[in-house]
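Undergrad: For reference, the structure I am asking about is given below.
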Amino acid sequence: MAKRTALYENHVAHGGKIVEFAGYELPVQYEAGVITEHMTVRTKVGIFDVSHMGEVVVKGKNAEEALNKIVTNDIRGMYDGQVRYSLLPNEKGGAVDDILIYRVNGECFLIVVNASNADKDAAWISSHLPGDVCFENISDKVSQIALQGPLAETVLKKILDEQFIPKKYYSFTKETLVMGIKCLVSRTGYTGESGFELYCGNQDAPALFELLLKTGKEEGILPCGLGARDTLRLEAAMPLYGHELEEDIPVNEVGLGFAIKMAKEDFIGKKAIESHEPEYVRVGAKIVDRGIAREHTDVYCGSEKVGIVTSGTHAPYLGYPIAMLRIKKEFADKPLEADVRGRRLKLEIVPLPFYKKA
Amino acid sequence: MKVLYRESHEWVAIDGKKAKVGISDHAQKELGDLVFINLPEVGAEVKAGETLCDVESVKAVSDLYAPVTGKVVAVNEELEGAPELINQDAMKAWICEIEVESVPDDLMDEEAYKKFIKG
């Protein structure tokens, strides 16, 4: 049976339309609908329950060194309170997951993983750490609320003294009291807007969710569901595991080179990545014809199938349909079409991200 | 004029030999924000229960089925540029008009349809 987050009752009370996602019952949208929720995050501020995300803690004297051997990014030289994006590679050079690594201190890291991979990742990480490094899966104790949009900081400032608000993108403050609720406040997000992700104990999540909604009333805050979360991340061209990333998609074919540090000494999958000459690339496309090219749609150049759509949607802010494609690299500058239910839709390759905040 | 519904959530408003077709308010709510509609072609012969056209929401594409058998004599072109009119008022936003040849007997009246969607 699907699990419920600590905020389930809040979603129902606010008119959330509940669906099952990654083993959780979560709202796909509220009464306002996906497009309004999306636009609210782009122009004002929205709030999301992302408690389905998994969290694990890795601790010990050798935690940094051990962790650095199982991730593609280099986590050395981070400061306490910094966040870094990385892939978690497998031996074949594919991705077990993509993750956020929070450095609490040199001997303690919090790792945030995708909901659909949480159990797999916990097993993978714990089995690839040496015995002197402690590992704890705290996913079931922690709730996560995302406050996203250009007015997110304005809202947060009303209930949290400025000195406790992380200043830089990809940094965090911990054991921060937000009106008496102990939180980790992280300046991160999955929308392409500025904003925060607040982690707290499950017992405090309903109060924190309602507090943020009430505090943001003047700013026009809306609760937002998984639908808007997906359209927002896609406009911002952020990858989603199971779409742009997979166990058998080589990590050097997904356009995330910034998070793969080949100069680093050995790490899991390094040899496989080194020896793999990329055949495919991730590119963005605007659909020129009417219609949406959704995931798994075949992409053609003339009569030749050259790849697939990994994610596709109507982009509410841009006002036209977009897609991320995984195509053979030599076709990236050729005329392409998507085969949508037997209809050919013309694609125009455009630079990523589709949307970039001003 | 009488309004009938299919189990697949299309409505049909039959007025003599002509019938206008749309989707129910329940259907538009389930689909969410509509962003495209592929209208049927004027002149097309359609058979009750067969695919009539499709609508696309942010979330998914869905086929609509012809509630009656006949010939498409008009389409609501306004929807092409503004499919959200269906979200705004599904019972007013007709999609096409069919010259009716026959009406199947599995259509529901409003009362029966309301019961049907309640489960």
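In the structure tokens, each chain is lettered A, B, ... as it comes, each chain's residues begin at 1, and ligands are numbered from 1 in order of appearance.
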Dump as JSON lines the rows for residues of chain A within 9 Å of chain B: closest atom pair and distance in Å with one decimal, only C-alpha atoms counted, ordered by chain and rising residue number.

TA:
```
{"residue": "A:Gln29", "atom": "CA", "partner": "B:Gly32", "partner_atom": "CA", "distance": 8.8}
{"residue": "A:Gly33", "atom": "CA", "partner": "B:Gly32", "partner_atom": "CA", "distance": 6.6}
{"residue": "A:Val34", "atom": "CA", "partner": "B:Asp33", "partner_atom": "CA", "distance": 6.8}
{"residue": "A:Ile35", "atom": "CA", "partner": "B:Asp33", "partner_atom": "CA", "distance": 6.7}
{"residue": "A:Gly227", "atom": "CA", "partner": "B:Lys59", "partner_atom": "CA", "distance": 7.3}
{"residue": "A:Thr231", "atom": "CA", "partner": "B:Val58", "partner_atom": "CA", "distance": 8.4}
{"residue": "A:Arg290", "atom": "CA", "partner": "B:Phe36", "partner_atom": "CA", "distance": 7.3}
{"residue": "A:Gly291", "atom": "CA", "partner": "B:Phe36", "partner_atom": "CA", "distance": 6.5}
{"residue": "A:Ile292", "atom": "CA", "partner": "B:Glu56", "partner_atom": "CA", "distance": 7.8}
{"residue": "A:Arg294", "atom": "CA", "partner": "B:Ala60", "partner_atom": "CA", "distance": 8.5}
{"residue": "A:Thr313", "atom": "CA", "partner": "B:Val58", "partner_atom": "CA", "distance": 6.3}
{"residue": "A:His314", "atom": "CA", "partner": "B:Val58", "partner_atom": "CA", "distance": 5.7}
{"residue": "A:Ala315", "atom": "CA", "partner": "B:Val58", "partner_atom": "CA", "distance": 8.4}
{"residue": "A:Pro316", "atom": "CA", "partner": "B:Val58", "partner_atom": "CA", "distance": 8.6}
```

Undergrad: Would you export the selected residues with N, CA and C atoms as a PDB file, in the first residue's frame, please?

TA:
```
ATOM      1  N   GLN A  29      -2.160  17.930  -8.154  1.00  0.00           N
ATOM      2  CA  GLN A  29      -2.486  19.345  -8.281  1.00  0.00           C
ATOM      3  C   GLN A  29      -3.511  19.690  -7.206  1.00  0.00           C
ATOM      4  N   GLY A  33      -5.063  24.134 -10.357  1.00  0.00           N
ATOM      5  CA  GLY A  33      -4.634  23.448 -11.575  1.00  0.00           C
ATOM      6  C   GLY A  33      -3.154  23.671 -11.880  1.00  0.00           C
ATOM      7  N   VAL A  34      -2.612  22.791 -12.721  1.00  0.00           N
ATOM      8  CA  VAL A  34      -1.165  22.771 -12.978  1.00  0.00           C
ATOM      9  C   VAL A  34      -0.658  24.100 -13.541  1.00  0.00           C
ATOM     10  N   ILE A  35      -1.385  24.661 -14.507  1.00  0.00           N
ATOM     11  CA  ILE A  35      -0.873  25.871 -15.169  1.00  0.00           C
ATOM     12  C   ILE A  35      -0.824  27.052 -14.195  1.00  0.00           C
ATOM     13  N   GLY A 227       2.315  17.807 -10.526  1.00  0.00           N
ATOM     14  CA  GLY A 227       2.186  18.222 -11.920  1.00  0.00           C
ATOM     15  C   GLY A 227       3.024  19.453 -12.201  1.00  0.00           C
ATOM     16  N   THR A 231       6.428  20.211 -14.580  1.00  0.00           N
ATOM     17  CA  THR A 231       6.523  21.196 -15.667  1.00  0.00           C
ATOM     18  C   THR A 231       7.584  22.255 -15.345  1.00  0.00           C
ATOM     19  N   ARG A 290       1.549  21.470 -33.703  1.00  0.00           N
ATOM     20  CA  ARG A 290       0.656  21.388 -32.553  1.00  0.00           C
ATOM     21  C   ARG A 290       0.667  19.990 -31.948  1.00  0.00           C
ATOM     22  N   GLY A 291       0.872  19.928 -30.647  1.00  0.00           N
ATOM     23  CA  GLY A 291       0.864  18.632 -29.975  1.00  0.00           C
ATOM     24  C   GLY A 291       2.043  18.515 -29.031  1.00  0.00           C
ATOM     25  N   ILE A 292       1.961  17.540 -28.137  1.00  0.00           N
ATOM     26  CA  ILE A 292       3.029  17.331 -27.162  1.00  0.00           C
ATOM     27  C   ILE A 292       3.721  16.012 -27.471  1.00  0.00           C
ATOM     28  N   ARG A 294       5.605  13.314 -25.748  1.00  0.00           N
ATOM     29  CA  ARG A 294       5.846  12.894 -24.367  1.00  0.00           C
ATOM     30  C   ARG A 294       6.944  11.845 -24.284  1.00  0.00           C
ATOM     31  N   THR A 313       6.400  18.056 -22.302  1.00  0.00           N
ATOM     32  CA  THR A 313       5.190  18.629 -21.732  1.00  0.00           C
ATOM     33  C   THR A 313       4.847  19.927 -22.443  1.00  0.00           C
ATOM     34  N   HIS A 314       3.711  20.470 -22.096  1.00  0.00           N
ATOM     35  CA  HIS A 314       3.401  21.835 -22.466  1.00  0.00           C
ATOM     36  C   HIS A 314       4.100  22.710 -21.437  1.00  0.00           C
ATOM     37  N   ALA A 315       4.875  23.683 -21.876  1.00  0.00           N
ATOM     38  CA  ALA A 315       5.590  24.558 -20.950  1.00  0.00           C
ATOM     39  C   ALA A 315       4.716  25.773 -20.643  1.00  0.00           C
ATOM     40  N   PRO A 316       4.119  25.819 -19.461  1.00  0.00           N
ATOM     41  CA  PRO A 316       3.130  26.873 -19.196  1.00  0.00           C
ATOM     42  C   PRO A 316       3.687  28.300 -19.277  1.00  0.00           C
TER      43      PRO A 316
END
```

Undergrad: Excluding Glu110 of chain B and any residue of its chain fewer than 2 positions from it, enumerate the residues within 8 Å of it, using only C-alpha atoms, and give them as a PDB file with N, CA and C atoms, in the first residue's frame.

TA:
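File written: result_12.pdb
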```pdb
ATOM      1  N   VAL B   3     -29.971  16.161 -23.758  1.00  0.00           N
ATOM      2  CA  VAL B   3     -28.537  15.967 -23.568  1.00  0.00           C
ATOM      3  C   VAL B   3     -28.300  14.577 -22.989  1.00  0.00           C
ATOM      4  N   LEU B   4     -27.444  13.819 -23.687  1.00  0.00           N
ATOM      5  CA  LEU B   4     -27.117  12.468 -23.226  1.00  0.00           C
ATOM      6  C   LEU B   4     -25.597  12.338 -23.044  1.00  0.00           C
ATOM      7  N   TYR B   5     -25.214  11.317 -22.303  1.00  0.00           N
ATOM      8  CA  TYR B   5     -23.789  11.134 -21.993  1.00  0.00           C
ATOM      9  C   TYR B   5     -23.347   9.715 -22.308  1.00  0.00           C
ATOM     10  N   MET B 108     -26.576   7.758 -21.550  1.00  0.00           N
ATOM     11  CA  MET B 108     -27.266   8.000 -20.271  1.00  0.00           C
ATOM     12  C   MET B 108     -27.844   9.412 -20.255  1.00  0.00           C
ATOM     13  N   ALA B 112     -28.703   9.652 -14.769  1.00  0.00           N
ATOM     14  CA  ALA B 112     -27.979   8.376 -14.797  1.00  0.00           C
ATOM     15  C   ALA B 112     -26.465   8.606 -14.850  1.00  0.00           C
ATOM     16  N   TYR B 113     -26.063   9.645 -15.614  1.00  0.00           N
ATOM     17  CA  TYR B 113     -24.627   9.937 -15.721  1.00  0.00           C
ATOM     18  C   TYR B 113     -24.074  10.396 -14.371  1.00  0.00           C
ATOM     19  N   LYS B 114     -24.830  11.227 -13.683  1.00  0.00           N
ATOM     20  CA  LYS B 114     -24.386  11.708 -12.366  1.00  0.00           C
ATOM     21  C   LYS B 114     -24.175  10.541 -11.413  1.00  0.00           C
TER      22      LYS B 114
END
```

Undergrad: Quick one: pick out all strand (DSSP E) residues within segment 64-305 of chain A from a backbone DSSP run and write them as a PyMOL selection string.

TA: chain A and resi 82-89+95-105+108-113+134-137+142-148+172-178+181-186+195-201+222-223+280-287+298-301+304-305

Undergrad: Using only C-alpha atoms, which residues sit within 9 Å of Val58 of chain A once same-chain residues fewer than 6 positions away are excluded, as a PyMOL selection string?

TA: chain A and resi 64+67+107-111+126+133-137

Undergrad: With only C-alpha atoms as the counted atoms, please give the residues lying no more than 8 Å from Ala90 of chain B, apart from itself and same-chain residues fewer than 6 positions off, as a VMD selection string.

TA: chain B and resid 22 to 25 28

Undergrad: Kindly save the residues from that selection, with C-alpha atoms included, as a PDB file, in the first residue's frame.

TA:
```pdb
ATOM      1  CA  GLY B  22     -18.494  17.992 -26.069  1.00  0.00           C
ATOM      2  CA  ILE B  23     -16.925  16.555 -22.933  1.00  0.00           C
ATOM      3  CA  SER B  24     -18.493  16.618 -19.491  1.00  0.00           C
ATOM      4  CA  ASP B  25     -17.500  18.890 -16.649  1.00  0.00           C
ATOM      5  CA  GLN B  28     -12.478  18.326 -17.906  1.00  0.00           C
TER       6      GLN B  28
END
```

Undergrad: Write out as a short mmCIF file (atom, residue, chain, number, x, y, z; two decimals) with N, CA and C atoms, in the first residue's frame each polymer residue whose atoms come within 8 Å of Ala74 of chain B, counting only C-alpha atoms; drop sequence neighbours fewer than 6 positions from it.

TA:
```cif
data_model
loop_
_atom_site.label_atom_id
_atom_site.label_comp_id
_atom_site.auth_asym_id
_atom_site.auth_seq_id
_atom_site.Cartn_x
_atom_site.Cartn_y
_atom_site.Cartn_z
N VAL B 42 -14.35 18.24 -40.86
CA VAL B 42 -15.72 18.42 -41.37
C VAL B 42 -15.91 17.48 -42.57
N CYS B 96 -17.84 19.54 -31.84
CA CYS B 96 -18.26 19.42 -33.23
C CYS B 96 -19.77 19.18 -33.30
N GLU B 97 -20.29 19.35 -34.52
CA GLU B 97 -21.70 19.09 -34.73
C GLU B 97 -21.81 17.92 -35.70
N ILE B 98 -22.70 17.00 -35.37
CA ILE B 98 -22.86 15.80 -36.19
C ILE B 98 -24.29 15.74 -36.74
#
```

Undergrad: As an exercise, work out the distance from atom CA of Arg187 of chain A to atom CA of Thr72 of chain A in Å and give it to one decimal place.

TA: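 Going from atom CA of Arg187 of chain A over to atom CA of Thr72 of chain A covers 22.1 Å.
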
Undergrad: Skipping near chain neighbours, those fewer than 5 positions away, what residues fall within 7 Å of Ile95 of chain B using only C-alpha atoms, listed as a PDB file with N, CA and C atoms, in the first residue's frame?

TA:
```
ATOM      1  N   VAL B  21     -21.513  17.912 -29.819  1.00  0.00           N
ATOM      2  CA  VAL B  21     -20.766  17.001 -28.940  1.00  0.00           C
ATOM      3  C   VAL B  21     -19.706  17.774 -28.156  1.00  0.00           C
ATOM      4  N   GLY B  22     -19.556  17.396 -26.893  1.00  0.00           N
ATOM      5  CA  GLY B  22     -18.494  17.992 -26.069  1.00  0.00           C
ATOM      6  C   GLY B  22     -18.060  16.992 -25.016  1.00  0.00           C
ATOM      7  N   VAL B  75     -17.214  22.134 -36.942  1.00  0.00           N
ATOM      8  CA  VAL B  75     -16.339  22.016 -35.773  1.00  0.00           C
ATOM      9  C   VAL B  75     -16.185  23.392 -35.135  1.00  0.00           C
ATOM     10  N   ASN B  76     -15.954  23.403 -33.839  1.00  0.00           N
ATOM     11  CA  ASN B  76     -15.799  24.664 -33.113  1.00  0.00           C
ATOM     12  C   ASN B  76     -14.345  25.113 -33.171  1.00  0.00           C
TER      13      ASN B  76
END
```

Undergrad: Atom CA of Lys270 of chain A and atom CA of Gln82 of chain A, how far apart in Å?

TA: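 Atom CA of Gln82 of chain A sits 24.6 Å away from atom CA of Lys270 of chain A.
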